[in-house]
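Content type mmCIF, C-alpha atoms, from the file my_file.cif:
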data_run
#
loop_
_atom_site.label_atom_id
_atom_site.label_comp_id
_atom_site.auth_asym_id
_atom_site.auth_seq_id
_atom_site.Cartn_x
_atom_site.Cartn_y
_atom_site.Cartn_z
CA MET E 98 -44.52 6.04 29.80
CA SER E 99 -42.02 3.60 31.19
CA LYS E 100 -42.96 1.40 34.11
CA ASN E 101 -40.89 3.53 36.46
CA GLN E 102 -42.61 6.69 35.38
CA LYS E 103 -45.98 5.10 35.98
CA ILE E 104 -44.94 4.02 39.46
CA ALA E 105 -43.65 7.53 40.16
CA VAL E 106 -46.86 9.22 39.06
CA ILE E 107 -49.07 6.81 40.96
CA SER E 108 -47.04 7.13 44.16
CA LEU E 109 -47.07 10.91 43.97
CA LEU E 110 -50.84 10.86 43.57
CA ALA E 111 -51.12 8.48 46.51
CA VAL E 112 -48.97 10.80 48.63
CA LEU E 113 -51.15 13.78 47.73
CA LEU E 114 -54.30 11.83 48.54
CA ILE E 115 -53.03 10.63 51.89
CA VAL E 116 -51.96 14.12 52.87
CA LEU E 117 -54.94 16.08 51.60
CA VAL E 118 -57.89 13.81 52.28
CA PRO E 119 -57.84 14.20 56.09
CA LEU E 120 -57.91 17.96 55.66
CA PHE E 121 -61.16 17.83 53.74
CA VAL E 122 -62.78 14.87 55.41
CA LEU E 123 -62.19 15.92 59.01
CA LYS E 124 -63.72 19.35 58.75
CA GLY E 125 -63.06 21.53 61.76
CA ALA E 126 -60.40 19.26 63.25
CA GLU E 127 -57.63 21.13 64.98
CA PHE E 128 -54.64 19.39 63.44
CA GLY E 129 -52.47 20.15 66.43
CA GLY E 130 -49.12 18.46 66.81
CA SER E 131 -49.09 14.88 68.04
CA ASP E 132 -46.18 15.87 70.24
CA ASP E 133 -48.59 18.13 72.10
CA ALA E 134 -51.08 15.29 72.31
CA GLY E 135 -48.22 13.36 73.87
CA SER E 136 -47.78 16.02 76.51
CA GLN E 137 -51.44 15.78 77.42
CA MET E 138 -51.13 12.04 77.56
CA VAL E 139 -48.33 12.38 80.10
CA GLU E 140 -50.70 14.28 82.32
CA THR E 141 -53.47 11.72 81.88
CA VAL E 142 -51.19 8.82 82.72
CA ARG E 143 -49.72 10.57 85.74
CA GLY E 144 -53.09 11.74 86.88
CA GLU E 145 -51.67 15.15 87.73
CA SER E 146 -50.32 18.05 85.77
CA TYR E 147 -46.69 17.93 84.75
CA GLU E 148 -44.37 20.88 84.68
CA PRO E 149 -41.48 20.33 82.23
CA TRP E 150 -38.24 20.75 84.14
CA PHE E 151 -36.46 22.36 81.24
CA THR E 152 -37.83 24.76 78.71
CA PRO E 153 -36.40 25.11 75.21
CA LEU E 154 -33.31 27.29 75.06
CA LEU E 155 -34.82 29.64 72.54
CA GLU E 156 -37.84 30.19 74.75
CA GLN E 157 -35.55 31.07 77.60
CA LEU E 158 -33.67 33.55 75.45
CA THR E 159 -36.70 35.21 73.91
CA GLY E 160 -38.61 35.04 77.16
CA GLY E 161 -41.64 33.27 75.84
CA GLU E 162 -42.96 31.00 73.15
CA LEU E 163 -41.62 31.45 69.68
CA PRO E 164 -44.14 33.40 67.63
CA GLY E 165 -45.95 31.15 65.18
CA GLU E 166 -44.79 33.10 62.15
CA VAL E 167 -41.16 32.92 63.20
CA GLU E 168 -41.48 29.23 63.88
CA SER E 169 -42.81 28.72 60.36
CA LEU E 170 -39.82 30.73 59.13
CA PHE E 171 -37.42 28.30 60.77
CA PHE E 172 -39.34 25.33 59.43
CA CYS E 173 -39.14 26.85 55.96
CA ILE E 174 -35.42 27.37 56.31
CA GLN E 175 -35.04 23.74 57.24
CA THR E 176 -37.12 22.62 54.26
CA GLY E 177 -35.32 25.07 52.00
CA ILE E 178 -31.86 23.86 52.90
CA GLY E 179 -32.96 20.28 52.29
CA VAL E 180 -34.70 20.93 49.00
CA GLY E 181 -31.76 23.00 47.80
CA VAL E 182 -29.28 20.21 48.38
CA ILE E 183 -31.52 17.53 46.88
CA ALA E 184 -32.28 19.68 43.82
CA PHE E 185 -28.60 20.45 43.34
CA GLY E 186 -27.79 16.75 43.61
CA PHE E 187 -30.36 15.57 41.14
CA GLY E 188 -29.62 18.46 38.82
CA TYR E 189 -25.97 17.49 38.80
CA LEU E 190 -26.69 13.81 38.32
CA VAL E 191 -29.25 14.29 35.58
CA ALA E 192 -26.98 16.65 33.63
CA ARG E 193 -24.05 14.30 34.08
CA LYS E 194 -25.97 11.46 32.63
CA LYS E 195 -27.26 13.57 29.79
CA TYR E 196 -23.89 14.96 28.74
CA SER E 197 -21.80 11.87 29.29
CA ALA E 198 -23.29 10.19 26.28
CA LYS E 199 -19.74 9.48 25.04
CA ASP E 200 -19.92 6.33 27.10
CA PRO E 201 -22.51 4.25 25.31
CA SER E 202 -23.34 2.13 28.34
CA LYS E 203 -24.76 5.20 30.06
CA GLY E 204 -27.14 7.87 28.97
CA LYS E 205 -28.91 6.10 26.21
CA THR E 206 -31.21 9.08 25.90
CA MET Z 255 -12.51 -0.01 61.11
CA ASN Z 256 -8.84 0.44 61.85
CA LYS Z 257 -7.38 0.44 65.31
CA ARG Z 258 -7.61 4.14 65.97
CA GLU Z 259 -11.20 4.22 64.85
CA LYS Z 260 -12.04 1.32 67.12
CA GLN Z 261 -10.43 3.17 69.97
CA LEU Z 262 -12.55 6.21 69.24
CA VAL Z 263 -15.74 4.16 69.39
CA ALA Z 264 -14.63 2.45 72.57
CA LEU Z 265 -13.70 5.77 74.11
CA SER Z 266 -17.09 7.21 73.32
CA ALA Z 267 -18.74 4.21 74.99
CA VAL Z 268 -16.69 4.87 78.09
CA VAL Z 269 -17.55 8.55 78.03
CA GLY Z 270 -21.18 7.57 77.62
CA LEU Z 271 -21.02 5.35 80.66
CA ALA Z 272 -19.25 8.05 82.61
CA LEU Z 273 -22.02 10.42 81.70
CA CYS Z 274 -24.46 8.11 83.40
CA ALA Z 275 -22.80 9.09 86.66
CA ALA Z 276 -22.87 12.80 85.96
CA PRO Z 277 -26.12 14.64 85.43
CA SER Z 278 -26.26 16.23 81.99
CA ALA Z 279 -27.37 15.45 78.45
CA SER Z 280 -30.54 15.67 76.53
CA ALA Z 281 -33.76 13.74 72.06
CA MET Z 282 -36.48 14.45 69.30
CA HIS Z 283 -40.07 13.68 69.50
CA VAL Z 284 -40.15 13.63 73.22
CA MET Z 285 -40.91 17.17 74.28
CA GLU Z 286 -38.26 19.31 75.93
CA GLY Z 287 -38.20 18.82 79.66
CA TYR Z 288 -40.55 15.86 79.55
CA LEU Z 289 -38.11 13.15 80.50
CA PRO Z 290 -36.65 12.86 83.98
CA PRO Z 291 -32.94 13.76 83.93
CA ALA Z 292 -31.83 10.18 84.59
CA PHE Z 293 -33.57 8.99 81.42
CA CYS Z 294 -32.10 11.84 79.39
CA VAL Z 295 -28.62 10.81 80.42
CA ILE Z 296 -29.13 7.10 79.81
CA TRP Z 297 -30.53 7.59 76.30
CA GLY Z 298 -27.74 9.99 75.51
CA ALA Z 299 -25.18 7.48 76.69
CA VAL Z 300 -26.69 4.76 74.51
CA CYS Z 301 -26.45 7.03 71.48
CA LEU Z 302 -22.88 8.21 71.91
CA PRO Z 303 -21.06 5.09 70.68
CA VAL Z 304 -23.31 4.86 67.61
CA LEU Z 305 -22.77 8.52 66.92
CA ALA Z 306 -19.02 8.08 67.15
CA ALA Z 307 -19.14 5.06 64.83
CA GLY Z 308 -21.16 7.26 62.47
CA VAL Z 309 -18.54 9.99 62.46
CA VAL Z 310 -15.95 7.34 61.67
CA SER Z 311 -17.98 5.93 58.80
CA ILE Z 312 -18.67 9.36 57.33
CA ARG Z 313 -15.01 10.33 57.59
CA ARG Z 314 -14.18 7.13 55.77
CA ILE Z 315 -16.59 7.96 53.00
CA ALA Z 316 -15.15 11.46 52.76
CA ARG Z 317 -11.68 10.05 52.48
CA GLU Z 318 -12.13 7.02 50.29
CA GLN Z 319 -15.28 7.56 48.30
CA LYS Z 320 -15.49 11.26 47.61
CA LYS Z 321 -17.91 10.67 44.78
CA VAL Z 322 -20.42 9.26 47.17
CA LEU Z 323 -20.48 12.38 49.34
CA LEU Z 324 -23.12 13.87 47.07
CA LEU Z 325 -25.48 11.00 47.81
CA LEU Z 326 -24.74 11.30 51.52
CA ALA Z 327 -25.53 15.00 51.41
CA MET Z 328 -28.74 14.24 49.55
CA ALA Z 329 -29.72 11.61 52.11
CA GLY Z 330 -29.10 14.15 54.87
CA ALA Z 331 -31.07 16.79 53.01
CA PHE Z 332 -33.89 14.27 52.65
CA VAL Z 333 -34.05 14.00 56.43
CA PHE Z 334 -34.10 17.80 56.64
CA VAL Z 335 -37.00 18.13 54.22
CA ILE Z 336 -39.07 15.19 55.36
CA SER Z 337 -38.80 15.92 59.05
CA SER Z 338 -39.77 19.56 58.57
CA LEU Z 339 -43.07 18.78 56.91
CA LYS Z 340 -45.93 18.57 59.34
CA ILE Z 341 -48.64 16.59 57.73
CA PRO Z 342 -52.30 16.35 58.72
CA SER Z 343 -53.40 12.84 59.47
CA VAL Z 344 -56.62 10.90 59.78
CA THR Z 345 -56.80 11.40 63.52
CA GLY Z 346 -57.18 15.15 63.20
CA SER Z 347 -53.74 15.94 64.47
CA CYS Z 348 -50.49 16.62 62.68
CA SER Z 349 -47.25 14.75 62.79
CA HIS Z 350 -44.15 14.58 60.72
CA MET Z 351 -42.02 11.86 59.21
CA THR Z 352 -38.43 11.05 59.97
CA GLY Z 353 -36.82 10.60 56.55
CA THR Z 354 -34.03 8.53 58.02
CA GLY Z 355 -34.95 5.36 56.11
CA LEU Z 356 -33.20 6.51 52.94
CA ALA Z 357 -29.88 7.16 54.62
CA ALA Z 358 -30.11 3.91 56.58
CA ILE Z 359 -30.71 1.86 53.44
CA LEU Z 360 -27.87 3.54 51.56
CA PHE Z 361 -25.27 4.15 54.24
CA GLY Z 362 -26.14 2.01 57.25
CA VAL Z 363 -27.20 2.96 60.72
CA PRO Z 364 -24.19 4.85 62.17
CA ALA Z 365 -23.91 7.38 59.36
CA THR Z 366 -27.67 7.91 59.58
CA THR Z 367 -27.35 8.61 63.26
CA VAL Z 368 -25.06 11.52 62.55
CA LEU Z 369 -27.48 12.97 59.97
CA GLY Z 370 -30.42 12.49 62.31
CA VAL Z 371 -28.69 14.14 65.21
CA ILE Z 372 -27.86 17.19 63.09
CA VAL Z 373 -31.54 17.61 62.30
CA LEU Z 374 -32.53 17.02 65.91
CA VAL Z 375 -30.14 19.66 67.15
CA PHE Z 376 -31.41 22.12 64.54
CA GLN Z 377 -35.00 21.52 65.59
CA ALA Z 378 -34.27 21.54 69.29
CA LEU Z 379 -32.38 24.83 69.14
CA LEU Z 380 -34.40 26.81 66.64
CA LEU Z 381 -37.80 25.27 66.68
CA ALA Z 382 -38.32 24.25 70.28
CA HIS Z 383 -39.30 20.96 68.73
CA GLY Z 384 -38.03 17.96 70.61
CA GLY Z 385 -35.39 19.41 72.89
CA LEU Z 386 -31.88 19.47 74.17
CA THR Z 387 -32.66 17.55 77.33
CA THR Z 388 -34.48 14.90 75.33
CA LEU Z 389 -31.92 14.83 72.50
CA GLY Z 390 -30.55 11.45 73.54
CA ALA Z 391 -33.95 9.79 73.71
CA ASN Z 392 -35.08 11.27 70.40
CA ALA Z 393 -31.80 10.46 68.72
CA PHE Z 394 -32.23 6.89 69.86
CA SER Z 395 -35.75 6.59 68.46
CA MET Z 396 -35.32 8.53 65.22
CA ALA Z 397 -31.66 8.14 64.40
CA ILE Z 398 -30.89 4.65 65.73
CA ALA Z 399 -33.94 2.44 66.32
CA GLY Z 400 -35.89 3.52 63.24
CA PRO Z 401 -32.91 3.34 60.86
CA LEU Z 402 -31.93 -0.02 62.33
CA VAL Z 403 -35.34 -1.43 61.43
CA SER Z 404 -35.16 0.16 57.95
CA TRP Z 405 -31.71 -1.19 57.34
CA GLY Z 406 -32.61 -4.65 58.65
CA LEU Z 407 -35.86 -4.91 56.73
CA TYR Z 408 -34.24 -3.77 53.52
CA HIS Z 409 -31.62 -6.49 53.76
CA VAL Z 410 -34.20 -9.12 54.69
CA GLY Z 411 -36.18 -8.02 51.65
CA GLU Z 412 -33.10 -8.41 49.48
CA LYS Z 413 -32.42 -11.88 50.88
CA LEU Z 414 -35.96 -12.92 50.10
CA HIS Z 415 -35.58 -11.44 46.61
CA PHE Z 416 -38.40 -8.98 47.03
CA PRO Z 417 -38.53 -6.42 44.26
CA LYS Z 418 -36.12 -3.66 45.28
CA LYS Z 419 -38.80 -0.99 45.29
CA LEU Z 420 -40.95 -3.03 47.64
CA SER Z 421 -38.05 -3.62 50.03
CA VAL Z 422 -37.29 0.09 50.10
CA PHE Z 423 -40.92 1.01 50.65
CA LEU Z 424 -41.43 -1.44 53.49
CA ALA Z 425 -38.13 -0.59 55.11
CA ALA Z 426 -38.74 3.16 55.14
CA ALA Z 427 -42.40 2.92 56.16
CA LEU Z 428 -41.90 0.49 59.00
CA GLY Z 429 -38.75 2.24 60.18
CA ASP Z 430 -40.77 5.43 60.47
CA LEU Z 431 -43.51 3.64 62.38
CA PHE Z 432 -41.02 1.97 64.66
CA THR Z 433 -39.50 5.33 65.55
CA TYR Z 434 -42.81 6.35 67.06
CA CYS Z 435 -43.24 3.01 68.82
CA VAL Z 436 -39.91 3.60 70.50
CA THR Z 437 -40.93 7.12 71.46
CA SER Z 438 -44.07 5.70 73.06
CA LEU Z 439 -42.02 3.15 74.93
CA GLN Z 440 -39.59 5.81 76.11
CA LEU Z 441 -42.41 7.93 77.46
CA ALA Z 442 -43.98 4.86 79.04
CA MET Z 443 -40.77 3.92 80.80
CA ALA Z 444 -40.56 7.41 82.23
CA TYR Z 445 -44.25 7.50 83.08
CA PRO Z 446 -45.46 4.03 84.00
CA SER Z 447 -49.17 3.93 84.47
CA ALA Z 448 -50.36 3.70 88.07
CA ASN Z 449 -52.28 0.53 87.37
CA GLY Z 450 -50.62 -1.65 84.77
CA GLY Z 451 -47.12 -0.19 84.79
CA VAL Z 452 -44.98 0.40 81.75
CA ALA Z 453 -46.94 -1.88 79.39
CA ALA Z 454 -50.30 -0.22 80.00
CA SER Z 455 -48.71 3.16 79.71
CA ALA Z 456 -46.96 2.24 76.46
CA VAL Z 457 -50.29 1.18 74.96
CA GLU Z 458 -51.76 4.54 75.87
CA PHE Z 459 -48.93 6.52 74.33
CA LEU Z 460 -49.00 4.29 71.26
CA GLY Z 461 -52.67 5.13 71.02
CA VAL Z 462 -51.69 8.75 70.58
CA PHE Z 463 -48.87 8.31 68.08
CA ALA Z 464 -49.62 5.18 66.06
CA PRO Z 465 -52.89 6.05 64.30
CA THR Z 466 -51.55 9.47 63.36
CA GLN Z 467 -48.30 8.05 62.15
CA LEU Z 468 -49.61 5.13 60.09
CA PRO Z 469 -50.61 7.08 56.96
CA LEU Z 470 -47.47 9.20 57.25
CA ALA Z 471 -45.37 6.06 57.32
CA VAL Z 472 -46.92 5.08 53.99
CA VAL Z 473 -46.07 8.53 52.61
CA GLU Z 474 -42.51 8.25 53.84
CA GLY Z 475 -42.20 4.79 52.26
CA LEU Z 476 -43.43 6.11 48.91
CA LEU Z 477 -41.19 9.18 48.93
CA THR Z 478 -38.13 7.17 49.89
CA MET Z 479 -38.90 4.73 47.10
CA LEU Z 480 -39.16 7.63 44.63
CA VAL Z 481 -35.79 9.05 45.63
CA ILE Z 482 -34.19 5.63 45.31
CA MET Z 483 -35.76 5.25 41.86
CA GLY Z 484 -34.31 8.62 40.89
CA MET Z 485 -30.90 7.63 42.13
CA GLU Z 486 -31.07 4.29 40.34
CA THR Z 487 -31.71 6.16 37.14
CA TYR Z 488 -29.10 8.88 37.52
CA ALA Z 489 -26.55 7.85 40.11
CA MET Z 490 -25.83 4.25 39.25
CA PRO Z 491 -22.02 4.59 39.52
CA GLU Z 492 -22.30 5.89 43.09
CA LEU Z 493 -24.83 3.25 44.08
CA GLN Z 494 -22.44 0.60 42.86
CA LEU Z 495 -19.61 2.19 44.82
CA ILE Z 496 -21.49 1.86 48.08
CA GLY Z 497 -22.59 -1.63 47.18
CA PHE Z 498 -26.24 -0.76 46.84
CA GLU Z 499 -26.30 -1.97 43.27
CA LYS Z 500 -24.35 -5.07 42.39
CA GLU Z 501 -24.01 -4.79 38.66
CA VAL Z 502 -24.95 -2.52 35.85
CA LYS Z 503 -28.59 -2.66 35.15
CA TYR Z 504 -30.26 -1.25 32.12
CA GLU Z 505 -33.27 0.87 32.65
#
What is this structure when it is put down as structure tokens?
Amino acid sequence: MSKNQKIAVISLLAVLLIVLVPLFVLKGAEFGGSDDAGSQMVETVRGESYEPWFTPLLEQLTGGELPGEVESLFFCIQTGIGVGVIAFGFGYLVARKKYSAKDPSKGKT
Amino acid sequence: MNKREKQLVALSAVVGLALCAAPSASAMHVMEGYLPPAFCVIWGAVCLPVLAAGVVSIRRIAREQKKVLLLLAMAGAFVFVISSLKIPSVTGSCSHMTGTGLAAILFGVPATTVLGVIVLVFQALLLAHGGLTTLGANAFSMAIAGPLVSWGLYHVGEKLHFPKKLSVFLAAALGDLFTYCVTSLQLAMAYPSANGGVAASAVEFLGVFAPTQLPLAVVEGLLTMLVIMGMETYAMPELQLIGFEKEVKYE
């Protein structure tokens, strides 16, 4: 393996560790959003409850909180769009390098 | 920037200032409706000129360096992916990364601002995450302040001849962390603590965000570094076009 490949593998492992370890170590933790923790903090600092003066547009339109499943749908769409573009980009670039071997300075594979 | 472009940026600054007088406007990690209207407007006004400069810089890329558009799209997509992933952290709560470091390192702050704002609008509208009223504040923290730190640190790293990978890692990780520091500060300015004022309040908010964000910042640093490594391997001509790589290197 080249040095770069080693770095890549090690960083990916590190990422997995950082992400997964809390899940197994902190058994029973809620893993709520830190944005929500922020909202609670606002109340603590103010010493009284706080009523947001504007509710999200979508909640106004649907007349309530977005169902959890639908919210995960939108998050997936966001991830999907992103991954699609990145995959297309790298696919294009990798193939370009591979098939442009005419130029000896590039694509030494 | 040519004259017309300068005028556009100046105009947007004026419009931003004008907005300060009129109540309207909206940011990302601050929850919808959680900033007093005055703050929403001010943060929005601060962001407008940068956003306009970003539109100018992206239009320039589209016109003069078409080849580079692919990398720009990928940097934007990186923000999309990274900021949609909620990741459990050591504090027992979840947070997500910003992903703006990559774009900032490659394309500078203004272009990153545009990409960040697109994501923020998407999340505010569809996900009730962040919000329209807090769009300005969140855009400032995630799409201006964070990228500015990333961009600055990367160039400091280059000056000091750090290994490129290390510069990228530090820039992205600390930029991510700084985004959340700014969010804390924004909340603190809106909600100064009764005893101790803004500073005491900022420490409290930081207490909520910082420990959660620290491991995620490391993850963001690593992922950004990986994407840059991939681009260095496969997109060298584009990286040279945008001045990221000076000369041909052999891998």
- Task: Fewer than 2 positions away in the same chain doesn't count, so skip those; otherwise give me all residues within 10 Å of range 154-169 of chain E, counting all atoms listed in the file, as a PyMOL selection string.
- Result: (chain E and resi 151-152+171-175) or (chain Z and resi 286+338+378-383+385-386)
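The interatomic distance for the pair CA of Leu110 in chain E and CA of Ser349 in chain Z works out to 19.9 Å.
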Could you work out an axis-aligned box for range 299-305 of chain Z, taking every atom the file lists and adding 5 Å on each side, and report centre and edge lengths in Å to one decimal, as JSON?
{"center_x": -23.9, "center_y": 6.6, "center_z": 71.8, "size_x": 15.6, "size_y": 13.8, "size_z": 19.8}
- Message: For a test of reading the model, state the distance in Å between CA of Leu360 in chain Z and CA of Ile312 in chain Z, rounded to one decimal.
- Response: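 Taking CA of Leu360 in chain Z as the start and CA of Ile312 in chain Z as the end point, the length is 12.3 Å.
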- Query: Any chance you could work out the residue set of the PyMOL selection byres ((chain Z and resi 393-408) around 9) here, as a ChimeraX atom specification?
  - Reply: /Z:281-283,297-298,300-301,304,352,354-364,366-371,374,388-392,409-413,418,420-437,440
- Task: For chain Z, list the residues within 7 Å of chain E, counting all atoms listed in the file, and write the list as a ChimeraX atom specification.
- Result: /Z:283,285-288,324,328,331-332,334-335,338,341-344,346-349,379-382,385,445,447,455,459,462-463,469,473,476,480,488-489
- Message: To one decimal place in Å, what is the distance between CA of Cys294 in chain Z and CA of Leu326 in chain Z?
- Response: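 Distance between the two atoms: 28.8 Å.
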- Counting all atoms listed in the file, what is within 12 Å of Leu493 in chain Z, bar same-chain residues fewer than 4 positions away, as a ChimeraX atom specification? /Z:319,321-326,359-361,482-489,497-503
